[in-house]
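Engineer: Quick one, work_2.txt (compact mmCIF, C-alpha atoms):
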# COMPACT_ATOMS: atom_id res chain seq x y z
CA MET L 1 -10.02 49.74 0.37
CA THR L 2 -11.32 52.30 2.87
CA PRO L 3 -8.85 55.19 3.25
CA HIS L 4 -6.93 55.04 6.51
CA VAL L 5 -7.71 57.78 9.04
CA ILE L 6 -4.44 59.53 9.80
CA GLU L 7 -3.93 60.53 13.40
CA PRO L 8 -0.85 62.77 13.76
CA ASP L 9 1.64 61.85 16.47
CA PRO L 10 4.70 64.10 16.08
CA GLN L 11 6.24 62.87 19.34
CA ALA L 12 6.27 59.27 18.11
CA GLY L 13 7.70 60.43 14.79
CA ALA L 14 10.51 62.27 16.55
CA ALA L 15 11.37 59.12 18.53
CA VAL L 16 11.46 57.02 15.36
CA LYS L 17 13.69 59.58 13.66
CA ALA L 18 16.03 59.80 16.64
CA ALA L 19 16.48 56.03 16.80
CA ASP L 20 17.11 55.92 13.06
CA ARG L 21 19.74 58.62 13.18
CA ALA L 22 21.41 56.97 16.17
CA HIS L 23 21.62 53.44 14.81
CA VAL L 24 20.56 52.90 11.16
CA PHE L 25 23.23 53.04 8.47
CA HIS L 26 21.49 53.94 5.20
CA SER L 27 22.43 52.67 1.75
CA TRP L 28 23.79 54.94 -1.00
CA SER L 29 24.02 57.87 1.42
CA ALA L 30 26.41 60.19 3.18
CA GLN L 31 25.10 59.44 6.65
CA GLY L 32 25.46 62.94 8.05
CA LEU L 33 23.71 64.62 5.13
CA ILE L 34 20.41 62.75 5.03
CA ASP L 35 17.09 63.44 6.72
CA PRO L 36 14.90 60.36 6.22
CA LEU L 37 11.16 60.77 6.53
CA ALA L 38 9.65 58.87 9.46
CA VAL L 39 6.78 56.83 7.98
CA ALA L 40 3.80 56.00 10.17
CA GLY L 41 1.90 53.76 7.79
CA ALA L 42 0.93 52.89 4.22
CA GLU L 43 -2.07 51.54 2.37
CA GLY L 44 -2.78 51.00 -1.31
CA SER L 45 -1.04 53.73 -3.33
CA TYR L 46 -0.39 56.02 -0.34
CA PHE L 47 1.82 56.37 2.72
CA TRP L 48 1.84 58.96 5.49
CA ASP L 49 4.13 60.42 8.12
CA TYR L 50 3.66 61.10 11.84
CA ASP L 51 2.72 64.72 11.19
CA GLY L 52 -0.35 63.67 9.23
CA ASN L 53 1.05 64.35 5.75
CA ARG L 54 -0.23 61.86 3.17
CA TYR L 55 1.68 61.10 -0.04
CA LEU L 56 0.69 59.42 -3.28
CA ASP L 57 3.61 57.07 -3.87
CA PHE L 58 4.78 57.38 -7.47
CA THR L 59 7.83 55.23 -6.63
CA SER L 60 6.12 52.01 -5.48
CA GLY L 61 8.73 51.83 -2.72
CA LEU L 62 11.70 51.04 -4.93
CA VAL L 63 9.44 50.02 -7.82
CA TYR L 64 8.29 46.86 -6.09
CA THR L 65 4.91 47.33 -4.40
CA ASN L 66 3.13 46.24 -7.59
CA ILE L 67 -0.12 45.46 -5.75
CA GLY L 68 0.19 48.44 -3.40
CA TYR L 69 0.77 48.52 0.33
CA GLN L 70 -0.98 46.23 2.80
CA HIS L 71 -3.10 44.18 0.42
CA PRO L 72 -5.28 42.25 2.89
CA LYS L 73 -5.06 38.90 1.10
CA VAL L 74 -1.26 38.94 1.04
CA VAL L 75 -1.01 40.13 4.64
CA ALA L 76 -3.37 37.31 5.67
CA ALA L 77 -1.35 34.75 3.71
CA VAL L 78 1.87 35.73 5.47
CA GLN L 79 0.14 35.60 8.85
CA GLU L 80 -1.35 32.19 8.10
CA GLN L 81 1.98 30.80 6.93
CA ALA L 82 3.71 32.13 10.05
CA GLY L 83 1.24 30.17 12.14
CA LYS L 84 1.66 27.03 10.05
CA LEU L 85 5.40 26.85 9.25
CA ALA L 86 7.33 30.08 9.73
CA THR L 87 10.62 28.83 8.28
CA PHE L 88 12.35 25.73 6.99
CA ALA L 89 15.67 24.89 5.34
CA PRO L 90 15.86 25.09 1.53
CA ALA L 91 16.90 21.45 0.95
CA PHE L 92 13.40 20.19 1.72
CA ALA L 93 10.26 20.12 -0.39
CA ILE L 94 7.80 22.57 1.17
CA ASP L 95 4.29 23.01 -0.21
CA VAL L 96 4.27 26.80 -0.40
CA ARG L 97 7.76 26.87 -1.96
CA SER L 98 6.72 24.38 -4.62
CA GLU L 99 3.53 26.31 -5.34
CA ALA L 100 5.37 29.61 -5.67
CA ALA L 101 7.80 28.03 -8.14
CA ARG L 102 4.94 26.53 -10.14
CA LEU L 103 3.04 29.81 -10.37
CA ILE L 104 6.16 31.69 -11.46
CA ALA L 105 7.11 29.05 -14.05
CA GLU L 106 3.59 29.19 -15.50
CA ARG L 107 4.13 32.86 -16.31
CA THR L 108 7.73 32.97 -17.50
CA PRO L 109 8.31 32.87 -21.26
CA GLY L 110 9.38 29.72 -23.10
CA ASP L 111 10.81 26.78 -21.17
CA LEU L 112 12.04 28.71 -18.12
CA ASP L 113 10.43 26.13 -15.86
CA LYS L 114 12.99 25.65 -13.07
CA ILE L 115 13.14 28.30 -10.34
CA PHE L 116 16.14 28.98 -8.11
CA PHE L 117 15.06 31.19 -5.22
CA THR L 118 17.15 34.00 -3.74
CA ASN L 119 16.44 36.78 -1.26
CA GLY L 120 16.46 39.57 -3.84
CA GLY L 121 17.48 40.80 -7.26
CA ALA L 122 21.22 41.21 -6.79
CA GLU L 123 21.56 37.63 -5.55
CA ALA L 124 19.49 36.50 -8.52
CA VAL L 125 21.94 38.21 -10.87
CA GLU L 126 24.94 36.76 -9.03
CA ASN L 127 23.59 33.24 -9.40
CA ALA L 128 22.47 33.67 -13.00
CA VAL L 129 25.98 34.75 -13.95
CA ARG L 130 27.46 31.82 -12.03
CA MET L 131 25.15 29.41 -13.85
CA ALA L 132 26.09 30.91 -17.22
CA ARG L 133 29.81 30.66 -16.52
CA LEU L 134 29.56 27.07 -15.35
CA HIS L 135 27.30 26.09 -18.25
CA THR L 136 29.62 27.58 -20.91
CA GLY L 137 33.00 27.19 -19.24
CA ARG L 138 33.68 30.83 -20.14
CA THR L 139 34.29 33.84 -17.90
CA LYS L 140 33.35 37.17 -19.48
CA VAL L 141 29.92 38.75 -19.14
CA LEU L 142 28.75 41.68 -21.25
CA SER L 143 26.39 44.28 -19.80
CA ALA L 144 25.17 47.68 -20.86
CA TYR L 145 26.02 51.17 -19.78
CA ARG L 146 22.88 52.82 -18.40
CA SER L 147 21.93 49.75 -16.39
CA TYR L 148 21.55 48.61 -12.81
CA HIS L 149 21.85 44.99 -11.73
CA GLY L 150 22.40 45.15 -7.96
CA ALA L 151 24.98 45.95 -5.30
CA THR L 152 26.63 42.59 -4.58
CA SER L 153 30.11 41.91 -5.90
CA THR L 154 29.44 40.76 -9.45
CA ALA L 155 26.14 42.61 -9.82
CA ILE L 156 27.68 45.98 -9.01
CA ASN L 157 30.41 45.41 -11.60
CA LEU L 158 27.74 44.55 -14.15
CA THR L 159 25.90 47.77 -13.31
CA GLY L 160 26.44 50.54 -15.83
CA ASP L 161 25.63 53.65 -13.79
CA PRO L 162 27.86 55.64 -11.38
CA ARG L 163 26.93 53.52 -8.38
CA ARG L 164 29.42 51.04 -9.80
CA TRP L 165 32.41 53.33 -9.72
CA ALA L 166 33.38 53.10 -6.04
CA SER L 167 33.36 49.29 -6.07
CA ASP L 168 34.52 48.53 -9.61
CA THR L 169 37.90 46.83 -9.57
CA ALA L 170 37.69 45.89 -13.28
CA SER L 171 38.42 42.33 -12.18
CA ALA L 172 35.00 40.66 -12.39
CA GLY L 173 35.23 39.64 -16.03
CA VAL L 174 32.71 42.31 -17.05
CA VAL L 175 32.72 44.20 -20.35
CA HIS L 176 30.31 47.09 -20.91
CA PHE L 177 28.70 48.10 -24.19
CA TRP L 178 26.18 50.66 -25.40
CA ALA L 179 22.57 49.50 -25.64
CA PRO L 180 20.09 51.41 -27.83
CA PHE L 181 18.64 54.72 -26.63
CA LEU L 182 17.44 56.79 -29.58
CA TYR L 183 16.77 60.02 -27.66
CA ARG L 184 20.45 60.18 -26.66
CA SER L 185 21.82 57.86 -29.33
CA PRO L 186 25.49 56.92 -29.04
CA PHE L 187 25.26 55.79 -32.67
CA TYR L 188 24.06 59.05 -34.28
CA ALA L 189 20.89 57.28 -35.36
CA THR L 190 17.78 59.16 -36.43
CA THR L 191 15.25 56.30 -36.52
CA GLU L 192 14.47 53.29 -34.34
CA ALA L 193 15.53 50.98 -37.17
CA GLU L 194 18.92 52.70 -37.43
CA GLU L 195 19.38 52.65 -33.66
CA SER L 196 18.60 48.95 -33.45
CA ALA L 197 20.83 47.96 -36.36
CA ARG L 198 23.77 50.06 -35.20
CA ALA L 199 23.46 48.93 -31.59
CA LEU L 200 23.46 45.30 -32.70
CA GLN L 201 26.51 45.88 -34.89
CA HIS L 202 28.28 47.57 -31.97
CA LEU L 203 27.49 44.59 -29.74
CA GLU L 204 28.73 42.12 -32.32
CA ASP L 205 31.92 44.15 -32.82
CA THR L 206 32.47 44.18 -29.05
CA ILE L 207 32.11 40.40 -28.93
CA ALA L 208 34.52 40.00 -31.85
CA PHE L 209 37.20 42.10 -30.17
CA GLU L 210 36.71 40.41 -26.78
CA GLY L 211 36.78 36.94 -28.37
CA PRO L 212 33.46 35.11 -28.70
CA GLN L 213 34.95 32.00 -27.13
CA THR L 214 35.56 33.96 -23.89
CA VAL L 215 32.03 35.35 -23.46
CA ALA L 216 29.74 33.39 -21.14
CA ALA L 217 26.72 35.68 -21.12
CA ILE L 218 25.09 38.91 -22.14
CA ILE L 219 22.84 40.42 -19.50
CA LEU L 220 20.29 43.15 -20.23
CA GLU L 221 17.44 44.68 -18.34
CA THR L 222 14.56 43.96 -20.72
CA VAL L 223 13.45 47.55 -20.16
CA PRO L 224 16.13 49.39 -18.18
CA GLY L 225 14.65 50.72 -14.95
CA THR L 226 16.54 53.17 -12.77
CA ALA L 227 18.76 54.08 -15.72
CA GLY L 228 15.86 55.66 -17.57
CA ILE L 229 13.12 53.27 -18.77
CA MET L 230 14.44 53.12 -22.33
CA THR L 231 12.14 50.70 -24.17
CA PRO L 232 14.31 48.85 -26.72
CA PRO L 233 13.48 49.48 -30.37
CA PRO L 234 11.77 46.79 -32.45
CA GLY L 235 14.10 43.96 -33.38
CA TYR L 236 16.85 44.71 -30.88
CA LEU L 237 16.22 42.00 -28.30
CA ALA L 238 15.51 39.46 -31.04
CA GLY L 239 18.83 40.47 -32.58
CA VAL L 240 20.66 39.94 -29.29
CA ARG L 241 19.00 36.52 -29.02
CA GLU L 242 20.30 35.62 -32.51
CA ILE L 243 23.83 36.80 -31.68
CA CYS L 244 23.84 34.73 -28.48
CA ASP L 245 22.64 31.65 -30.35
CA ARG L 246 25.32 32.07 -33.02
CA TYR L 247 28.18 32.30 -30.54
CA GLY L 248 26.89 29.95 -27.83
CA ILE L 249 26.45 32.81 -25.38
CA VAL L 250 23.88 32.63 -22.58
CA PHE L 251 21.26 35.38 -22.82
CA ILE L 252 20.16 36.71 -19.42
CA LEU L 253 17.24 39.09 -19.08
CA ASP L 254 17.05 41.05 -15.82
CA GLU L 255 13.34 41.51 -15.03
CA VAL L 256 13.83 42.42 -11.37
CA MET L 257 12.13 45.78 -11.91
CA ALA L 258 10.21 45.27 -15.16
CA GLY L 259 8.61 41.93 -14.30
CA PHE L 260 5.28 40.89 -12.80
CA GLY L 261 2.92 43.33 -14.45
CA ARG L 262 5.01 46.48 -14.33
CA THR L 263 4.99 46.98 -18.13
CA GLY L 264 1.42 45.74 -18.61
CA THR L 265 2.42 42.12 -19.30
CA TRP L 266 3.57 39.45 -16.87
CA PHE L 267 7.15 39.98 -18.06
CA ALA L 268 8.51 42.75 -20.25
CA ALA L 269 9.96 40.07 -22.53
CA ASP L 270 6.39 39.30 -23.59
CA HIS L 271 6.28 42.62 -25.45
CA PHE L 272 9.20 41.57 -27.65
CA ASP L 273 8.48 37.88 -28.24
CA VAL L 274 11.91 36.86 -26.97
CA VAL L 275 12.90 34.04 -24.63
CA PRO L 276 16.15 34.30 -22.66
CA ASP L 277 18.15 31.37 -21.27
CA LEU L 278 17.95 32.80 -17.76
CA LEU L 279 15.59 35.39 -16.31
CA THR L 280 16.18 37.13 -13.00
CA PHE L 281 13.29 38.42 -10.90
CA ALA L 282 12.44 39.88 -7.47
CA LYS L 283 10.45 42.97 -6.35
CA GLY L 284 6.99 42.49 -7.91
CA VAL L 285 6.96 38.71 -7.44
CA ASN L 286 5.43 39.35 -4.01
CA SER L 287 5.37 43.16 -3.96
CA GLY L 288 8.27 43.16 -1.54
CA TYR L 289 6.12 42.08 1.40
CA VAL L 290 8.86 39.58 2.38
CA PRO L 291 12.21 39.65 0.51
CA LEU L 292 12.25 37.21 -2.42
CA GLY L 293 14.02 36.93 -5.76
CA GLY L 294 15.14 34.22 -8.09
CA VAL L 295 16.34 32.89 -11.40
CA ALA L 296 14.08 31.20 -13.93
CA ILE L 297 16.20 28.62 -15.74
CA SER L 298 15.88 27.07 -19.21
CA ALA L 299 15.77 23.31 -19.65
CA GLU L 300 19.21 23.25 -21.30
CA ILE L 301 20.97 25.09 -18.49
CA ALA L 302 19.06 23.21 -15.80
CA ALA L 303 20.26 19.94 -17.39
CA THR L 304 23.87 21.04 -16.85
CA PHE L 305 23.30 20.43 -13.18
CA ASP L 306 21.36 17.16 -13.39
CA LYS L 307 24.41 15.10 -12.41
CA ARG L 308 26.75 17.92 -11.46
CA PRO L 309 26.03 19.79 -8.22
CA TYR L 310 25.23 23.45 -8.57
CA PRO L 311 27.78 25.20 -6.32
CA GLY L 312 25.56 27.87 -4.86
CA GLY L 313 22.80 28.40 -2.36
CA LEU L 314 21.36 30.60 0.36
CA THR L 315 20.20 29.81 3.88
CA TYR L 316 16.85 31.47 3.24
CA SER L 317 16.33 30.33 -0.36
CA GLY L 318 12.60 29.94 -0.90
CA HIS L 319 11.74 31.12 2.60
CA PRO L 320 8.19 29.96 3.44
CA LEU L 321 6.97 33.42 4.45
CA ALA L 322 8.33 34.97 1.26
CA CYS L 323 6.87 32.18 -0.86
CA ALA L 324 3.49 32.52 0.84
CA ALA L 325 3.53 36.20 -0.04
CA ALA L 326 4.42 35.29 -3.63
CA VAL L 327 1.62 32.74 -3.97
CA ALA L 328 -0.91 35.21 -2.59
CA THR L 329 0.41 38.07 -4.74
CA LEU L 330 0.32 36.06 -7.96
CA ASN L 331 -3.19 34.82 -7.21
CA VAL L 332 -4.35 38.35 -6.41
CA MET L 333 -2.83 39.62 -9.65
CA ALA L 334 -4.64 36.93 -11.64
CA ASP L 335 -7.97 37.20 -9.82
CA GLU L 336 -8.06 41.00 -9.87
CA LYS L 337 -6.61 41.31 -13.39
CA VAL L 338 -3.82 43.53 -12.14
CA VAL L 339 -1.64 43.04 -15.22
CA GLU L 340 -4.46 44.03 -17.53
CA HIS L 341 -5.21 47.01 -15.31
CA ALA L 342 -1.59 48.19 -15.49
CA ALA L 343 -1.74 48.00 -19.28
CA HIS L 344 -4.98 50.00 -19.29
CA ILE L 345 -3.61 52.70 -16.98
CA GLY L 346 -0.52 53.05 -19.16
CA GLU L 347 -2.40 53.23 -22.44
CA HIS L 348 -5.32 55.39 -21.40
CA VAL L 349 -4.20 57.50 -18.41
CA LEU L 350 -0.48 57.75 -17.69
CA GLY L 351 0.81 57.65 -21.26
CA PRO L 352 -1.59 60.28 -22.66
CA GLY L 353 -1.38 62.37 -19.49
CA LEU L 354 2.41 62.47 -19.44
CA ARG L 355 2.59 63.28 -23.14
CA GLU L 356 0.15 66.14 -22.58
CA LEU L 357 2.42 67.47 -19.82
CA ALA L 358 5.37 67.27 -22.21
CA GLU L 359 3.56 69.47 -24.72
CA ARG L 360 3.02 72.20 -22.13
CA HIS L 361 6.26 72.11 -20.16
CA PRO L 362 9.53 73.23 -21.78
CA CYS L 363 11.51 71.13 -19.29
CA VAL L 364 10.14 67.79 -20.57
CA GLY L 365 12.29 66.55 -23.43
CA GLU L 366 10.88 63.06 -23.85
CA VAL L 367 8.25 60.78 -22.36
CA ARG L 368 8.77 57.02 -22.64
CA GLY L 369 7.37 53.90 -21.05
CA LEU L 370 4.89 51.06 -20.89
CA GLY L 371 2.20 50.06 -18.40
CA VAL L 372 2.98 51.78 -15.09
CA PHE L 373 6.67 52.18 -15.98
CA TRP L 374 7.34 55.69 -17.33
CA ALA L 375 10.15 58.25 -17.42
CA LEU L 376 10.22 61.96 -18.14
CA ASP L 377 13.59 63.11 -19.45
CA LEU L 378 13.98 66.67 -18.16
CA VAL L 379 16.06 69.10 -20.20
CA LYS L 380 17.29 72.67 -20.21
CA ASN L 381 16.42 73.01 -23.87
CA LYS L 382 14.20 70.79 -25.99
CA GLU L 383 16.17 71.54 -29.15
CA THR L 384 19.64 70.73 -27.79
CA ARG L 385 18.32 68.04 -25.38
CA GLU L 386 20.84 69.23 -22.77
CA PRO L 387 19.87 67.50 -19.50
CA LEU L 388 18.34 69.71 -16.82
CA VAL L 389 21.26 68.75 -14.56
CA PRO L 390 24.65 67.25 -15.48
CA TYR L 391 25.24 63.51 -15.41
CA ASN L 392 25.55 62.27 -11.81
CA ALA L 393 25.04 65.81 -10.49
CA ALA L 394 25.19 66.47 -6.76
CA GLY L 395 24.91 69.46 -4.44
CA GLU L 396 24.29 72.82 -6.11
CA ALA L 397 24.59 71.29 -9.58
CA ASN L 398 21.52 69.18 -8.79
CA ALA L 399 19.47 72.10 -7.46
CA PRO L 400 16.88 72.11 -10.30
CA MET L 401 15.96 68.47 -9.68
CA ALA L 402 15.95 69.01 -5.93
CA ALA L 403 13.53 71.93 -6.38
CA PHE L 404 11.31 69.76 -8.60
CA ALA L 405 11.25 66.97 -5.99
CA ALA L 406 10.46 69.40 -3.17
CA ALA L 407 7.57 70.86 -5.16
CA ALA L 408 6.16 67.41 -5.85
CA LYS L 409 6.24 66.49 -2.16
CA LYS L 410 4.63 69.81 -1.23
CA ASN L 411 1.75 68.81 -3.51
CA GLY L 412 1.37 65.39 -1.88
CA LEU L 413 3.31 63.34 -4.44
CA TRP L 414 6.37 61.29 -3.55
CA PRO L 415 8.43 61.30 -6.78
CA PHE L 416 11.03 58.94 -8.18
CA VAL L 417 13.97 61.15 -9.16
CA ASN L 418 17.23 59.99 -10.71
CA MET L 419 19.72 62.33 -12.36
CA ASN L 420 17.75 64.51 -14.84
CA ARG L 421 14.66 62.29 -14.84
CA THR L 422 11.53 61.69 -12.89
CA HIS L 423 9.84 58.32 -13.24
CA ALA L 424 6.10 57.70 -12.94
CA VAL L 425 6.05 54.21 -11.43
CA PRO L 426 3.01 53.87 -9.16
CA ALA L 427 1.56 50.56 -8.05
CA CYS L 428 0.10 48.40 -10.82
CA THR L 429 -3.18 48.72 -8.90
CA VAL L 430 -3.21 52.54 -9.02
CA SER L 431 -6.71 53.76 -9.85
CA GLU L 432 -7.50 56.14 -12.69
CA ALA L 433 -8.36 58.82 -10.15
CA GLU L 434 -5.06 58.31 -8.30
CA ALA L 435 -3.09 58.39 -11.54
CA LYS L 436 -4.77 61.66 -12.51
CA GLU L 437 -4.04 63.03 -9.02
CA GLY L 438 -0.39 62.19 -9.61
CA LEU L 439 -0.41 63.85 -13.02
CA ALA L 440 -1.82 67.03 -11.49
CA ALA L 441 0.90 67.09 -8.84
CA LEU L 442 3.55 66.47 -11.52
CA ASP L 443 2.11 69.35 -13.53
CA ALA L 444 2.67 71.74 -10.62
CA ALA L 445 6.17 70.41 -9.89
CA LEU L 446 7.23 70.59 -13.53
CA ALA L 447 6.34 74.28 -13.50
CA VAL L 448 9.16 74.69 -10.98
CA ALA L 449 11.54 72.75 -13.21
CA ASP L 450 10.51 75.00 -16.14
CA GLU L 451 12.13 77.91 -14.30
CA HIS L 452 15.53 76.31 -14.96
CA THR L 453 15.13 75.93 -18.73
CA ALA L 454 16.88 78.13 -21.27
For this file, write the structure as structure tokens.

Structural biologist:
Amino acid sequence: MTPHVIEPDPQAGAAVKAADRAHVFHSWSAQGLIDPLAVAGAEGSYFWDYDGNRYLDFTSGLVYTNIGYQHPKVVAAVQEQAGKLATFAPAFAIDVRSEAARLIAERTPGDLDKIFFTNGGAEAVENAVRMARLHTGRTKVLSAYRSYHGATSTAINLTGDPRRWASDTASAGVVHFWAPFLYRSPFYATTEAEESARALQHLEDTIAFEGPQTVAAIILETVPGTAGIMTPPPGYLAGVREICDRYGIVFILDEVMAGFGRTGTWFAADHFDVVPDLLTFAKGVNSGYVPLGGVAISAEIAATFDKRPYPGGLTYSGHPLACAAAVATLNVMADEKVVEHAAHIGEHVLGPGLRELAERHPCVGEVRGLGVFWALDLVKNKETREPLVPYNAAGEANAPMAAFAAAAKKNGLWPFVNMNRTHAVPACTVSEAEAKEGLAALDAALAVADEHTA
């Protein structure tokens, strides 16, 4: 793709910013304290503002532009679909909707061959939980601390990070438990094997005390995303699968962020040889070009609704424009070997490069990840592993991470920052040269974070 020629237009940028501040209400923000960047355009792994500043996007939007911005084949597919059939109600069989479902089902693990379409990940989680409760006749759902499942009513209660707190009424039938995370082990484990075994025992104890007959589902992000990209230790997900089978509990894997090439396989579950009963997806299914999410459903759960109506649906379920974007995205990913490329970048560029940064920077406590899905855990002290900023820090307490982020942007890198971590999550199509450019910018920004270490 030929790099876009940036023509600065500060006056237009000021008008965009003024309209935003006058009328747009932003998510997760104190409205009077934010200063959103006015974006003029984006292409591939980059975006730029109206002042002519160009940024390498190491966030992939919100970890969803898996094939980068403005891929011409996907843009053309959406335009063509708009000219053919821009929209149609979900109760009808539409060619592009059927094809999107077929292509997704071909790639999901096991017998997850029925696809229920939603507009995004949170709605996918809401409907997966509803299906599990109706299938089992039970009410409780277990989810992990250090997780994020969305901002709708049930999904936000399932979420295990502080974004839940303001909306958590403790009335959604949700029980939280600790999933494995060896670097900050809640189980005092010293090896992956210990962490896995103790985490599984903790989960089974939680089920026992809650009453197995009351638990409809366990939901886990296959590889937790915003919470820290903690790859589960060997045997853990298989162990959860066995526990679910033993107690008749539905196993839901949330692949909204980790799916569609992000970890170097079509789904993160492929790394662990595990098949859930339900799998939620969104984001990378069409790189966010038009909102789309869904639930991939096992044959057993789908059969529950053969003669019994499923009591759920959305006006825009399987929207033709969104499905056209999905079909084009999945075909591009196959034709251009995007999944294989993401695996290569992770193994040969990002992984080694980030580990090399960790050796040189005292602020980097741990590097972890797969494919183009990486996290750097930033610390005050490598020996004590004290986080660089406190949990859920804000204001002055978060100053070290704010200084890191500012330094990254000054060097042309737009970073993903959450609590004491920065995540390296570029597009799955990021080139080796672009990845190395990002590593160099991270190197400079981490030097600023080093100033806050003990």

Engineer: To one decimal in Å, tell me the separation between atom CA of L:Thr329 and atom CA of L:Ala124.

Structural biologist: 19.5 Å

Engineer: Quick one: distance from atom CA of L:Ser143 to atom CA of L:Ile219 in Å, one decimal?

Structural biologist: 5.3 Å

Engineer: Would you mind telling me which residue in L:Gly353, L:Gly41, L:Gly346, L:Pro90 lies nearest to L:Thr265 when using all atoms listed in the file?

Structural biologist: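 Residue with the minimum atom-to-atom distance to L:Thr265: L:Gly346.
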
Engineer: Could you check which of L:Leu56, L:Ile249, L:Val339, L:Ala424 is closest to L:Leu142, using all atoms listed in the file?

Structural biologist: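 Among the listed residues, L:Ile249 lies closest to L:Leu142.
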
Engineer: Hey, can you pull every residue with an atom no more than 9 Å from (22.0, 46.3, -30.5), using all atoms listed in the file, and send it as a ChimeraX atom specification?

Structural biologist: /L:178-180,195-204,232,235-237,239-240

Engineer: Please determine, counting all atoms listed in the file, which residue among L:Gly371, L:Gly211, L:Pro234, L:Gly228 has the shortest atom-to-atom distance to L:Tyr247.

Structural biologist: L:Gly211

Engineer: Point out the residue among L:Ala328, L:Val250, L:Cys363, L:Ala408 with the least atom-to-atom distance to L:Pro387, counting all atoms listed in the file.

Structural biologist: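 Result for the nearest residue to L:Pro387: L:Cys363.
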
Engineer: For a quick check of understanding, using only C-alpha atoms, which of L:Lys410, L:Val78, L:Ala445, L:Tyr391 has the smallest distance to L:His361?

Structural biologist: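 Among L:Lys410, L:Val78, L:Ala445, L:Tyr391, it is L:Ala445 that comes nearest to L:His361.
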
Engineer: Would you compute the distance between atom CA of L:Ala393 and atom CA of L:Ala30? Give it in Å to one decimal.

Structural biologist: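 That distance, rounded to one decimal, is 14.8 Å.
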
Engineer: Between stretch 213-321 of chain L and stretch 130-137 of chain L, at 10 Å or less, what are the per-residue closest atom pairs and their distances in Å? Count only C-alpha atoms, order by chain and rising residue number, and return it as CSV.

Structural biologist:
residue,atom,partner,partner_atom,distance
L:Gln213,CA,L:Thr136,CA,9.3
L:Thr214,CA,L:Gly137,CA,8.6
L:Val215,CA,L:Thr136,CA,8.5
L:Ala216,CA,L:Arg133,CA,5.4
L:Ala217,CA,L:Ala132,CA,6.2
L:Ile218,CA,L:Ala132,CA,9.4
L:Gly248,CA,L:Thr136,CA,7.8
L:Ile249,CA,L:Thr136,CA,7.6
L:Val250,CA,L:Ala132,CA,6.0
L:Phe251,CA,L:Ala132,CA,8.6
L:Ile252,CA,L:Ala132,CA,8.6
L:Asp277,CA,L:Ala132,CA,8.9
L:Leu278,CA,L:Ala132,CA,8.4
L:Val295,CA,L:Met131,CA,9.8
L:Ile297,CA,L:Met131,CA,9.2
L:Glu300,CA,L:His135,CA,9.1
L:Ile301,CA,L:His135,CA,6.4
L:Ala302,CA,L:Met131,CA,8.9
L:Ala303,CA,L:His135,CA,9.4
L:Thr304,CA,L:His135,CA,6.3
L:Phe305,CA,L:His135,CA,8.6
L:Tyr310,CA,L:Met131,CA,8.0
L:Pro311,CA,L:Arg130,CA,8.7
L:Gly312,CA,L:Arg130,CA,8.4

Engineer: Counting all atoms listed in the file, which residue out of L:Pro390, L:Gly225, L:Gly120, L:Gly160 sits closest to L:Ala375?

Structural biologist: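 Among the listed residues, L:Gly225 lies closest to L:Ala375.
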
Engineer: With all atoms listed in the file as the counted atoms, please give the residues lying no more than 10 Å from L:Pro291, apart from itself and same-chain residues fewer than 6 positions off, as a list in words.

Structural biologist: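 Returned residues: Thr118, Asn119, Gly120, Gly121, Ala282, Lys283, Val285, Tyr316, Gly318, His319, Leu321, Ala322, Cys323, Ala325 and Ala326 of chain L.
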
Engineer: Residues within 10 Å of L:Pro320, please, as a PDB file with C-alpha atoms, in the coordinates of the input. Count all atoms listed in the file; anything in the same chain fewer than 5 positions from it doesn't count.

Structural biologist:
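Below is the file that was written, around.pdb:
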ATOM      1  CA  VAL L  78       1.870  35.730   5.470  1.00  0.00           C
ATOM      2  CA  GLN L  81       1.980  30.800   6.930  1.00  0.00           C
ATOM      3  CA  ALA L  82       3.710  32.130  10.050  1.00  0.00           C
ATOM      4  CA  LYS L  84       1.660  27.030  10.050  1.00  0.00           C
ATOM      5  CA  LEU L  85       5.400  26.850   9.250  1.00  0.00           C
ATOM      6  CA  ALA L  86       7.330  30.080   9.730  1.00  0.00           C
ATOM      7  CA  THR L  87      10.620  28.830   8.280  1.00  0.00           C
ATOM      8  CA  PHE L  88      12.350  25.730   6.990  1.00  0.00           C
ATOM      9  CA  ALA L  89      15.670  24.890   5.340  1.00  0.00           C
ATOM     10  CA  PRO L  90      15.860  25.090   1.530  1.00  0.00           C
ATOM     11  CA  ILE L  94       7.800  22.570   1.170  1.00  0.00           C
ATOM     12  CA  ASP L  95       4.290  23.010  -0.210  1.00  0.00           C
ATOM     13  CA  VAL L  96       4.270  26.800  -0.400  1.00  0.00           C
ATOM     14  CA  ARG L  97       7.760  26.870  -1.960  1.00  0.00           C
ATOM     15  CA  SER L  98       6.720  24.380  -4.620  1.00  0.00           C
ATOM     16  CA  ALA L 100       5.370  29.610  -5.670  1.00  0.00           C
ATOM     17  CA  VAL L 290       8.860  39.580   2.380  1.00  0.00           C
ATOM     18  CA  ALA L 325       3.530  36.200  -0.040  1.00  0.00           C
ATOM     19  CA  ALA L 326       4.420  35.290  -3.630  1.00  0.00           C
TER      20      ALA L 326
END

Engineer: Give me the residues within 9 Å of L:Val430 as a count of residues only, counting only C-alpha atoms and dropping any in the same chain fewer than 4 places off.

Structural biologist: 11

Engineer: Got a sec: who's within 9 Å of L:Val274, counting only C-alpha atoms, leaving out chain neighbours fewer than 3 positions off, as a VMD selection string?

Structural biologist: chain L and resid 109 to 110 237 to 238 241 269 to 271
